[in-house]
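Shown here: final21.tsv, TSV, C-alpha atoms.
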```tsv
chain	number	residue	atom	x	y	z
A	269	MET	CA	12.45	-153.76	58.70
A	270	PHE	CA	13.31	-154.87	55.20
A	271	ARG	CA	16.62	-156.67	55.03
A	272	PRO	CA	19.31	-156.12	53.94
A	273	LEU	CA	19.37	-152.56	55.23
A	274	PRO	CA	21.67	-151.03	52.52
A	275	PHE	CA	19.31	-152.26	49.82
A	276	PHE	CA	16.27	-150.83	51.60
A	277	ILE	CA	17.82	-147.39	52.15
A	278	GLY	CA	19.32	-147.35	48.64
A	279	LEU	CA	15.85	-147.91	47.15
A	280	ARG	CA	14.41	-145.17	49.37
A	281	TYR	CA	17.09	-142.72	48.22
A	282	THR	CA	16.37	-143.58	44.60
A	283	ARG	CA	12.61	-143.01	44.92
A	284	ALA	CA	12.77	-139.98	47.22
A	285	LYS	CA	12.32	-136.45	45.88
A	286	ARG	CA	15.49	-134.45	46.28
A	287	ARG	CA	15.77	-130.86	47.38
A	288	ASN	CA	18.44	-130.37	44.73
A	289	HIS	CA	16.63	-130.78	41.40
A	290	PHE	CA	19.88	-130.57	39.50
A	291	ILE	CA	20.91	-133.92	40.99
A	292	SER	CA	17.64	-135.44	39.77
A	293	PHE	CA	18.28	-133.99	36.31
A	294	ILE	CA	21.81	-135.44	36.15
A	295	SER	CA	20.50	-138.81	37.36
A	296	GLY	CA	17.81	-138.84	34.69
A	297	THR	CA	20.30	-137.78	32.04
A	298	SER	CA	22.63	-140.64	32.99
A	299	MET	CA	19.77	-143.13	32.69
A	300	VAL	CA	18.62	-141.76	29.33
A	301	GLY	CA	22.19	-141.73	28.00
A	302	LEU	CA	22.71	-145.34	29.02
A	303	THR	CA	19.38	-146.32	27.44
A	304	LEU	CA	20.20	-144.66	24.15
A	305	GLY	CA	23.76	-146.01	24.08
A	306	VAL	CA	22.69	-149.61	24.67
A	307	SER	CA	19.79	-149.43	22.19
A	308	VAL	CA	21.88	-147.85	19.43
A	309	LEU	CA	24.65	-150.41	19.97
A	310	ILE	CA	22.16	-153.29	19.60
A	311	ILE	CA	20.56	-151.78	16.48
A	312	VAL	CA	23.85	-150.98	14.74
A	313	LEU	CA	25.36	-154.41	15.44
A	314	SER	CA	22.14	-156.04	14.19
A	315	VAL	CA	22.41	-154.06	10.95
A	316	MET	CA	26.06	-155.10	10.56
A	317	ASN	CA	25.02	-158.72	11.18
A	318	GLY	CA	22.35	-158.27	8.52
A	319	PHE	CA	24.91	-157.08	5.96
A	320	ASP	CA	27.10	-160.05	6.86
A	321	ARG	CA	24.16	-162.44	6.39
A	322	GLU	CA	23.13	-160.89	3.07
A	323	LEU	CA	26.68	-161.13	1.79
A	324	LYS	CA	26.73	-164.84	2.55
A	325	GLN	CA	23.21	-165.70	1.41
A	326	ARG	CA	22.48	-163.35	-1.49
A	327	VAL	CA	25.74	-162.25	-3.04
A	328	LEU	CA	27.59	-165.51	-2.41
A	329	GLY	CA	24.44	-167.36	-3.41
A	330	MET	CA	24.87	-165.89	-6.89
A	331	VAL	CA	28.65	-165.58	-7.06
A	332	PRO	CA	30.46	-168.92	-7.26
A	333	HIS	CA	32.05	-170.15	-4.04
A	334	ALA	CA	34.88	-171.45	-6.24
A	335	THR	CA	35.51	-172.14	-9.92
A	336	ILE	CA	37.87	-174.48	-11.74
A	337	THR	CA	38.68	-173.48	-15.32
A	338	ALA	CA	40.86	-175.18	-17.88
A	339	ALA	CA	44.16	-173.49	-18.75
A	340	GLY	CA	43.90	-174.26	-22.46
A	341	GLY	CA	40.24	-173.70	-23.34
A	342	GLY	CA	37.33	-176.00	-22.61
A	343	ILE	CA	37.07	-178.94	-20.20
A	344	GLU	CA	36.72	-182.36	-21.77
A	345	ASP	CA	34.59	-185.04	-20.11
A	346	TRP	CA	33.04	-182.42	-17.83
A	347	GLN	CA	30.01	-184.62	-17.15
A	348	ALA	CA	32.13	-187.11	-15.22
A	349	LEU	CA	33.78	-184.35	-13.22
A	350	VAL	CA	30.51	-182.66	-12.31
A	351	ASN	CA	29.10	-185.98	-11.08
A	352	THR	CA	32.18	-187.08	-9.10
A	353	ILE	CA	33.43	-183.82	-7.52
A	354	PRO	CA	30.45	-183.53	-5.11
A	355	ASP	CA	31.50	-186.87	-3.61
A	356	LYS	CA	34.46	-185.11	-1.98
A	357	GLU	CA	33.98	-184.07	1.65
A	358	GLY	CA	32.96	-180.45	2.09
A	359	ILE	CA	31.67	-179.95	-1.46
A	360	GLU	CA	27.91	-179.78	-1.75
A	361	ALA	CA	27.40	-179.53	-5.52
A	362	ALA	CA	29.05	-178.75	-8.85
A	363	ALA	CA	27.78	-177.31	-12.13
A	364	PRO	CA	29.28	-176.61	-15.56
A	365	PHE	CA	29.38	-173.10	-17.01
A	366	VAL	CA	30.60	-170.95	-19.84
A	367	ASP	CA	31.33	-167.32	-19.06
A	368	ALA	CA	31.93	-164.26	-21.16
A	369	GLN	CA	32.44	-160.57	-20.58
A	370	GLY	CA	30.81	-158.41	-23.17
A	371	MET	CA	28.29	-155.68	-23.79
A	372	LEU	CA	24.54	-155.85	-24.12
A	373	ALA	CA	23.06	-153.26	-26.44
A	374	ASN	CA	19.52	-152.12	-27.09
A	375	GLY	CA	19.47	-149.21	-29.51
A	376	ASP	CA	21.66	-146.46	-28.11
A	377	LEU	CA	21.80	-148.05	-24.65
A	378	VAL	CA	24.87	-150.18	-23.94
A	379	ARG	CA	26.09	-151.78	-20.71
A	380	GLY	CA	29.02	-154.03	-19.85
A	381	THR	CA	27.82	-157.39	-18.57
A	382	LEU	CA	29.11	-160.70	-17.27
A	383	VAL	CA	27.19	-163.49	-19.01
A	384	TYR	CA	27.09	-167.04	-17.67
A	385	GLY	CA	26.14	-169.96	-19.85
A	386	ILE	CA	24.43	-172.51	-17.60
A	387	ASP	CA	22.45	-175.74	-17.55
A	388	PRO	CA	19.23	-174.95	-15.60
A	389	GLY	CA	19.16	-178.39	-13.97
A	390	TYR	CA	22.72	-178.15	-12.66
A	391	GLU	CA	22.47	-174.45	-11.79
A	392	ARG	CA	19.71	-175.04	-9.24
A	393	ARG	CA	22.20	-177.01	-7.15
A	394	VAL	CA	24.78	-174.23	-6.83
A	395	SER	CA	22.85	-170.95	-7.13
A	396	ILE	CA	19.81	-169.19	-5.66
A	397	ILE	CA	18.84	-167.69	-9.04
A	398	ALA	CA	15.79	-169.97	-9.42
A	399	ASP	CA	14.32	-168.65	-6.14
A	400	HIS	CA	14.61	-164.99	-7.19
A	401	MET	CA	13.03	-164.95	-10.62
A	402	LYS	CA	10.92	-161.85	-11.17
A	403	GLN	CA	9.63	-162.79	-14.63
A	404	GLY	CA	9.89	-166.10	-16.38
A	405	ALA	CA	11.66	-169.18	-15.04
A	406	LEU	CA	15.12	-170.69	-15.15
A	407	GLU	CA	13.80	-173.51	-17.35
A	408	ASP	CA	12.88	-170.97	-20.05
A	409	LEU	CA	16.52	-171.14	-21.11
A	410	GLN	CA	16.31	-173.79	-23.84
A	411	PRO	CA	19.23	-174.81	-26.06
A	412	GLY	CA	19.07	-173.47	-29.59
A	413	GLU	CA	16.64	-170.63	-28.78
A	414	PHE	CA	19.29	-168.13	-27.63
A	415	GLY	CA	17.27	-166.90	-24.69
A	416	ILE	CA	18.75	-164.74	-21.94
A	417	LEU	CA	17.88	-163.88	-18.33
A	418	LEU	CA	18.70	-160.36	-17.12
A	419	GLY	CA	18.94	-158.78	-13.70
A	420	ASP	CA	16.02	-156.39	-13.22
A	421	ILE	CA	18.33	-153.35	-12.83
A	422	LEU	CA	20.11	-154.28	-16.06
A	423	ALA	CA	16.80	-154.83	-17.85
A	424	ASN	CA	15.42	-151.49	-16.65
A	425	TYR	CA	18.58	-149.68	-17.70
A	426	LEU	CA	18.41	-151.13	-21.21
A	427	GLY	CA	14.63	-150.66	-21.40
A	428	LEU	CA	13.96	-154.36	-21.96
A	429	SER	CA	11.15	-156.70	-20.96
A	430	VAL	CA	10.31	-160.34	-21.64
A	431	GLY	CA	10.10	-161.01	-25.38
A	432	ASP	CA	12.40	-158.16	-26.43
A	433	LYS	CA	15.61	-158.65	-28.41
A	434	VAL	CA	19.03	-157.61	-27.11
A	435	THR	CA	22.38	-157.69	-28.87
A	436	MET	CA	25.39	-159.24	-27.20
A	437	VAL	CA	28.72	-157.81	-28.37
A	438	LEU	CA	32.00	-159.54	-27.52
A	439	PRO	CA	35.31	-157.66	-27.18
A	440	GLU	CA	36.68	-159.65	-30.11
A	441	ALA	CA	36.74	-159.07	-33.82
A	442	SER	CA	36.06	-161.48	-36.65
A	443	VAL	CA	37.49	-161.09	-40.12
A	444	ASN	CA	35.34	-161.83	-43.18
A	445	LEU	CA	34.75	-160.54	-46.70
A	446	ALA	CA	33.13	-157.40	-45.28
A	447	GLY	CA	36.22	-156.58	-43.26
A	448	VAL	CA	36.94	-156.63	-39.52
A	449	LEU	CA	33.66	-156.72	-37.59
A	450	PRO	CA	32.85	-157.20	-33.90
A	451	ARG	CA	31.32	-160.50	-32.90
A	452	LEU	CA	27.68	-160.03	-31.98
A	453	LYS	CA	24.54	-162.10	-31.57
A	454	ARG	CA	20.89	-161.35	-30.97
A	455	PHE	CA	19.33	-162.91	-27.86
A	456	THR	CA	15.71	-162.93	-26.72
A	457	VAL	CA	14.89	-161.86	-23.15
A	458	VAL	CA	12.99	-164.75	-21.55
A	459	GLY	CA	13.00	-163.58	-17.92
A	460	THR	CA	14.37	-161.25	-15.26
A	461	PHE	CA	15.63	-161.87	-11.72
A	462	SER	CA	16.14	-159.75	-8.62
A	463	VAL	CA	18.28	-160.66	-5.62
A	464	GLY	CA	18.55	-157.12	-4.24
A	465	ALA	CA	22.31	-156.94	-4.84
A	466	ASP	CA	24.74	-155.34	-7.27
A	467	VAL	CA	24.64	-158.45	-9.47
A	468	ASP	CA	21.17	-157.33	-10.62
A	469	GLY	CA	22.86	-154.63	-12.65
A	470	ASN	CA	25.74	-156.50	-14.29
A	471	LEU	CA	24.84	-160.18	-14.60
A	472	ALA	CA	22.98	-162.18	-17.25
A	473	TYR	CA	22.36	-165.88	-17.93
A	474	ALA	CA	22.10	-167.78	-21.20
A	475	HIS	CA	21.95	-171.48	-21.93
A	476	ARG	CA	25.36	-173.12	-21.85
A	477	GLU	CA	25.09	-174.65	-25.35
A	478	ASP	CA	24.02	-171.34	-26.95
A	479	LEU	CA	26.79	-169.32	-25.33
A	480	ALA	CA	29.38	-172.02	-26.08
A	481	ARG	CA	28.35	-171.95	-29.75
A	482	PHE	CA	28.63	-168.15	-29.80
A	483	LEU	CA	32.04	-168.26	-28.07
A	484	ARG	CA	33.17	-171.18	-30.25
A	485	VAL	CA	33.97	-173.46	-27.32
A	486	PRO	CA	33.92	-176.98	-28.81
A	487	GLU	CA	33.74	-178.77	-25.46
A	488	GLY	CA	30.76	-176.65	-24.41
A	489	VAL	CA	32.21	-175.90	-20.95
A	490	THR	CA	34.96	-173.52	-19.86
A	491	GLY	CA	34.73	-174.16	-16.13
A	492	ILE	CA	33.07	-175.95	-13.23
A	493	ARG	CA	31.41	-174.05	-10.42
A	494	LEU	CA	31.59	-175.46	-6.89
A	495	LYS	CA	29.31	-174.93	-3.91
A	496	MET	CA	30.85	-175.57	-0.48
A	497	ASP	CA	29.31	-176.54	2.84
A	498	ASP	CA	31.64	-174.06	4.56
A	499	LEU	CA	32.36	-170.80	2.74
A	500	PHE	CA	35.64	-170.27	4.55
A	501	ALA	CA	36.92	-173.67	3.43
A	502	ALA	CA	36.43	-172.77	-0.26
A	503	PRO	CA	40.08	-171.84	-1.07
A	504	LYS	CA	41.55	-175.04	0.32
A	505	LEU	CA	38.85	-177.38	-1.02
A	506	ALA	CA	39.02	-175.89	-4.52
A	507	TRP	CA	42.79	-176.43	-4.65
A	508	ASP	CA	42.41	-179.97	-3.30
A	509	VAL	CA	40.02	-180.75	-6.14
A	510	ALA	CA	42.12	-179.07	-8.84
A	511	ILE	CA	45.33	-180.97	-8.02
A	512	THR	CA	43.53	-184.30	-8.38
A	513	LEU	CA	42.35	-183.51	-11.92
A	514	PRO	CA	44.47	-184.37	-14.96
A	515	GLY	CA	45.81	-181.36	-16.85
A	516	ARG	CA	46.30	-177.73	-15.90
A	517	TYR	CA	43.52	-175.73	-14.26
A	518	TYR	CA	43.01	-172.28	-12.80
A	519	VAL	CA	41.30	-172.05	-9.43
A	520	GLN	CA	39.48	-168.99	-8.16
A	521	ASP	CA	37.28	-168.59	-5.09
A	522	TRP	CA	34.97	-165.97	-3.62
A	523	THR	CA	37.64	-164.58	-1.29
A	524	ARG	CA	39.37	-163.05	-4.33
A	525	SER	CA	36.26	-161.43	-5.77
A	526	HIS	CA	34.32	-160.51	-2.62
A	527	GLY	CA	36.70	-161.34	0.23
A	528	ARG	CA	37.71	-157.73	0.79
A	529	LEU	CA	34.07	-156.73	1.09
A	530	PHE	CA	33.49	-159.42	3.71
A	531	GLN	CA	36.62	-158.39	5.63
A	532	ALA	CA	35.55	-154.74	5.47
A	533	ILE	CA	32.18	-155.57	7.01
A	534	GLN	CA	33.83	-157.56	9.79
A	535	MET	CA	36.28	-154.76	10.52
A	536	GLU	CA	33.53	-152.12	10.43
A	537	LYS	CA	31.42	-154.18	12.81
A	538	THR	CA	34.33	-154.45	15.24
A	539	MET	CA	35.23	-150.76	15.08
A	540	VAL	CA	31.64	-149.51	15.25
A	541	GLY	CA	30.96	-151.83	18.18
A	542	LEU	CA	34.05	-150.53	19.98
A	543	LEU	CA	33.14	-146.87	19.40
A	544	LEU	CA	29.54	-147.34	20.52
A	545	THR	CA	30.72	-149.27	23.56
A	546	LEU	CA	32.74	-146.20	24.52
A	547	ILE	CA	29.54	-144.15	24.25
A	548	VAL	CA	27.84	-146.60	26.60
A	549	ALA	CA	30.84	-146.30	28.93
A	550	VAL	CA	30.55	-142.50	28.96
A	551	ALA	CA	26.85	-142.77	29.78
A	552	ALA	CA	27.54	-145.32	32.49
A	553	PHE	CA	30.26	-143.24	34.11
A	554	ASN	CA	27.91	-140.27	34.28
A	555	ILE	CA	26.64	-142.21	37.26
A	556	VAL	CA	29.88	-141.21	39.00
A	557	SER	CA	29.02	-137.51	38.87
A	558	THR	CA	25.46	-138.26	39.95
A	559	LEU	CA	26.54	-140.24	43.00
A	560	VAL	CA	29.25	-137.74	43.95
A	561	MET	CA	26.62	-135.02	44.14
A	562	VAL	CA	24.23	-137.32	46.01
A	563	VAL	CA	26.92	-138.15	48.56
A	564	THR	CA	27.63	-134.46	49.07
A	565	ASP	CA	23.91	-133.77	49.45
A	566	LYS	CA	23.46	-136.63	51.95
A	567	GLN	CA	26.39	-135.87	54.25
A	568	GLY	CA	24.08	-135.25	57.19
A	569	ASP	CA	22.10	-138.47	56.59
A	570	ILE	CA	25.32	-140.46	56.33
A	571	ALA	CA	26.57	-139.04	59.63
A	572	ILE	CA	23.29	-139.89	61.39
A	573	LEU	CA	23.37	-143.44	60.04
A	574	ARG	CA	26.96	-143.79	61.26
A	575	THR	CA	26.00	-142.58	64.77
A	576	PHE	CA	23.19	-145.17	64.80
A	577	GLY	CA	25.73	-147.91	64.20
A	578	ALA	CA	25.89	-148.22	60.40
A	579	THR	CA	29.26	-149.57	59.30
A	580	PRO	CA	31.31	-148.11	56.41
A	581	LYS	CA	30.46	-151.26	54.47
A	582	MET	CA	26.74	-150.61	54.88
A	583	ILE	CA	27.13	-146.97	53.78
A	584	MET	CA	29.06	-148.10	50.74
A	585	GLY	CA	26.34	-150.64	49.92
A	586	ILE	CA	23.60	-147.98	50.09
A	587	PHE	CA	25.14	-145.85	47.35
A	588	MET	CA	26.19	-148.82	45.29
A	589	VAL	CA	22.54	-149.95	45.27
A	590	GLN	CA	21.40	-146.48	44.24
A	591	GLY	CA	23.90	-146.17	41.37
A	592	SER	CA	23.45	-149.76	40.22
A	593	LEU	CA	19.69	-149.29	40.07
A	594	ILE	CA	20.16	-146.40	37.63
A	595	GLY	CA	22.37	-148.67	35.51
A	596	VAL	CA	19.93	-151.60	35.65
A	597	ILE	CA	16.93	-149.50	34.62
A	598	GLY	CA	18.87	-147.72	31.87
A	599	THR	CA	20.32	-150.96	30.49
A	600	LEU	CA	17.00	-152.85	30.53
A	601	LEU	CA	15.19	-149.99	28.81
A	602	GLY	CA	18.01	-149.79	26.25
A	603	VAL	CA	17.83	-153.53	25.60
A	604	ALA	CA	14.05	-153.40	25.10
A	605	LEU	CA	14.31	-150.38	22.80
A	606	GLY	CA	17.25	-151.90	20.90
A	607	ILE	CA	15.48	-155.23	20.32
A	608	ALA	CA	12.35	-153.46	19.07
A	609	GLY	CA	14.45	-151.26	16.76
A	610	ALA	CA	16.57	-154.13	15.45
A	611	LEU	CA	13.49	-156.20	14.57
A	612	ASN	CA	11.82	-153.32	12.71
A	613	VAL	CA	14.68	-151.20	11.34
A	614	SER	CA	14.25	-152.53	7.79
A	615	GLU	CA	10.55	-151.59	7.74
A	616	ILE	CA	11.26	-148.20	9.33
A	617	VAL	CA	13.90	-147.32	6.72
A	618	SER	CA	11.64	-148.56	3.90
A	619	ALA	CA	8.81	-146.37	5.16
A	620	LEU	CA	11.15	-143.37	5.36
A	621	GLU	CA	12.29	-144.00	1.78
A	622	LYS	CA	8.70	-143.99	0.55
A	623	LEU	CA	7.84	-140.93	2.62
A	624	LEU	CA	10.86	-138.89	1.55
A	625	GLY	CA	11.05	-140.25	-1.98
A	626	ILE	CA	14.75	-141.13	-1.76
A	627	HIS	CA	16.77	-144.35	-1.83
A	628	PHE	CA	19.31	-144.61	0.99
A	629	LEU	CA	21.10	-147.65	-0.44
A	630	SER	CA	21.42	-147.41	-4.20
A	631	PRO	CA	22.24	-150.79	-5.78
A	632	ASP	CA	24.64	-148.97	-8.13
A	633	VAL	CA	26.78	-148.05	-5.11
A	634	TYR	CA	26.11	-150.72	-2.46
A	635	PHE	CA	26.04	-154.47	-2.93
A	636	ILE	CA	22.44	-154.67	-1.62
A	637	SER	CA	19.59	-152.22	-2.07
A	638	TYR	CA	17.91	-152.31	1.33
A	639	LEU	CA	18.91	-152.13	4.99
A	640	PRO	CA	19.09	-155.65	6.46
A	641	SER	CA	19.02	-156.55	10.12
A	642	GLU	CA	19.70	-159.74	12.06
A	643	LEU	CA	19.33	-159.80	15.84
A	644	ILE	CA	21.83	-162.14	17.48
A	645	TRP	CA	20.94	-162.83	21.09
A	646	GLN	CA	24.58	-163.43	21.99
A	647	ASP	CA	25.29	-159.78	21.07
A	648	VAL	CA	22.35	-158.65	23.20
A	649	ALA	CA	23.66	-160.66	26.16
A	650	VAL	CA	27.19	-159.26	25.81
A	651	ILE	CA	25.91	-155.68	25.52
A	652	SER	CA	23.60	-156.11	28.52
A	653	VAL	CA	26.31	-157.58	30.73
A	654	SER	CA	28.77	-154.89	29.62
A	655	GLY	CA	26.30	-152.10	30.43
A	656	LEU	CA	25.50	-153.54	33.84
A	657	LEU	CA	29.16	-154.16	34.64
A	658	MET	CA	30.22	-150.62	33.67
A	659	SER	CA	27.34	-149.19	35.71
A	660	PHE	CA	28.40	-151.21	38.73
A	661	LEU	CA	32.03	-150.17	38.41
A	662	ALA	CA	30.95	-146.53	38.18
A	663	THR	CA	29.41	-146.75	41.67
A	664	LEU	CA	32.53	-147.96	43.47
A	665	TYR	CA	34.45	-144.71	43.91
A	666	PRO	CA	31.51	-142.48	45.06
A	667	ALA	CA	30.28	-145.23	47.39
A	668	TRP	CA	33.78	-145.61	48.84
A	669	ARG	CA	33.98	-141.83	49.41
A	670	ALA	CA	30.62	-141.99	51.20
A	671	SER	CA	31.85	-144.77	53.47
A	672	ARG	CA	34.84	-142.60	54.49
A	673	THR	CA	32.57	-139.82	55.82
A	674	GLN	CA	33.33	-138.89	59.45
A	675	PRO	CA	30.14	-138.17	61.47
A	676	ALA	CA	31.65	-135.33	63.52
A	677	GLU	CA	32.94	-133.51	60.47
A	678	ALA	CA	29.68	-133.96	58.58
A	679	LEU	CA	27.50	-132.71	61.45
A	680	ARG	CA	29.69	-129.77	62.39
A	681	TYR	CA	27.88	-127.35	60.09
A	682	GLU	CA	24.40	-128.92	60.22
```
Transcribe the structure of this file into structure tokens.
Amino acid sequence: MFRPLPFFIGLRYTRAKRRNHFISFISGTSMVGLTLGVSVLIIVLSVMNGFDRELKQRVLGMVPHATITAAGGGIEDWQALVNTIPDKEGIEAAAPFVDAQGMLANGDLVRGTLVYGIDPGYERRVSIIADHMKQGALEDLQPGEFGILLGDILANYLGLSVGDKVTMVLPEASVNLAGVLPRLKRFTVVGTFSVGADVDGNLAYAHREDLARFLRVPEGVTGIRLKMDDLFAAPKLAWDVAITLPGRYYVQDWTRSHGRLFQAIQMEKTMVGLLLTLIVAVAAFNIVSTLVMVVTDKQGDIAILRTFGATPKMIMGIFMVQGSLIGVIGTLLGVALGIAGALNVSEIVSALEKLLGIHFLSPDVYFISYLPSELIWQDVAVISVSGLLMSFLATLYPAWRASRTQPAEALRYE
């Protein structure tokens, strides 16, 4: 006979048709619940990992990791600083910039915008903008031509395309013979970009020399943008650089502008994972009710096995095998379904958006406009082990109750 005996009988009990169909229904429900719980947990954590990845790659690829700005206006001798700062450990690249907050106007359409004045050659080192151009190229920004690059959402809102003129209005006033007038300048749209994030709706780029001339910055640079090897080291590294520079400087890093968003995603991932783990635990512990009913239904069989010499340990092993098998099948099916869903959830949501004609993630509300997903095998392993462990623990009490069955008492009413 197949050895070990508890495993053999446990498999037979699992495959056998039961007289009580309700027990079979509860057993199937437990397996389905475990499958759905594990699969949903894998898919949701993969989506949260995707948001975390997009925050790092897309948003923080456009937003500076850290900036150093002069306290009293422009930065003199910025060329030397830009060339020497990357020599410091942990800093990958540096680039000069001029920034301004203003409004872009096209006819009756007006929108507040953050405008960066950049050098295309330097900007490639610290930003992903060049890889996400929709129209035109980063090199189309030439000094003296007053060209401007717009995010595609911003361009669509203002009704602009390449070659159109747009007016930049600064929140400052200039006094001349005509009176007090706002400072404004006409720019030509030379390209659009799309990174699939909220920056597409509120960010624009001009050439550094043109924007510096418009802002009347004699040095041509108001700050230096830094790109770090390690995002989480940005605050410390930026301060280390600033204190070595002569003069007074302001330091700002991404944790001030987007740190709360990153922390919110991490907290949501933790809380959602915990809540869904409880759902998996509920599904796993449904095995308890299944086995309790099976033990009650098999009282006569247990008594006969005991009279044939089966030990309490063997009886306990039989029902542990039966319950664990439900957990193993449910967990493996959940893992397979979860992996398939996590790898295709972006395409599924995109197809639903096209079918229903709605946009689940509006870029005006969320920092990205599509549902990302990143499957991390470490998460899959942890979820699988947790599901199997909870299923195993759920078998202990019913199996122990079965092992305590007394043959005489069980056979008295047979």
Nearest to A:Gly602: which of A:Val306, A:Met316, A:Met330, A:Arg672 is it, counting only C-alpha atoms? A:Val306
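Considering the residues A:Thr337, A:Leu313, A:Ser654, A:Ile294 and counting only C-alpha atoms, A:Val540 has its shortest atom-to-atom contact with A:Leu313.
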Which residue of A:Gln403, A:Ser652, A:Ser671, A:Gln410 approaches A:Thr460 most closely, using all atoms listed in the file: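 That would be A:Gln403, the residue with the smallest distance to A:Thr460.
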Top pick for closest residue to A:Val300, considering A:Gln646, A:Glu621, A:Val596, A:Ile616 and counting only C-alpha atoms: A:Val596
Best match for closeness to A:Ala604 among A:Ile359, A:Val648, A:Met584, A:Met535, counting all atoms listed in the file: A:Val648
Using all atoms listed in the file, can you tell me which of A:Asn470, A:Thr512, A:Val437, A:Ile626 comes closest to A:Phe482?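 For A:Phe482, the nearest of the candidates is A:Val437.
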Env of A:Asn554: 12 Å cut, atoms = all atoms listed in the file, seq-sep filter 2 positions within chain, self excluded. Answer as a PyMOL selection string. chain A and resi 291+293-302+547-552+556-561+591+594-595+598+658-663+666
Taken to one decimal, the atom CA of A:Glu440-atom CA of A:Ala363 distance is 26.7 Å
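Take atom CA of A:Leu428 and atom CA of A:Asp376: the distance between them is 12.6 Å.
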Can you work out the spacing between atom CA of A:Gly305 and atom CA of A:Gly609 in Å, to one decimal?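 A separation of 13.0 Å between them.
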Point (40.9, -169.7, -12.0) neighbourhood (9 Å, all atoms listed in the file) written as number ranges by chain: A: 334-339, 491, 517-521
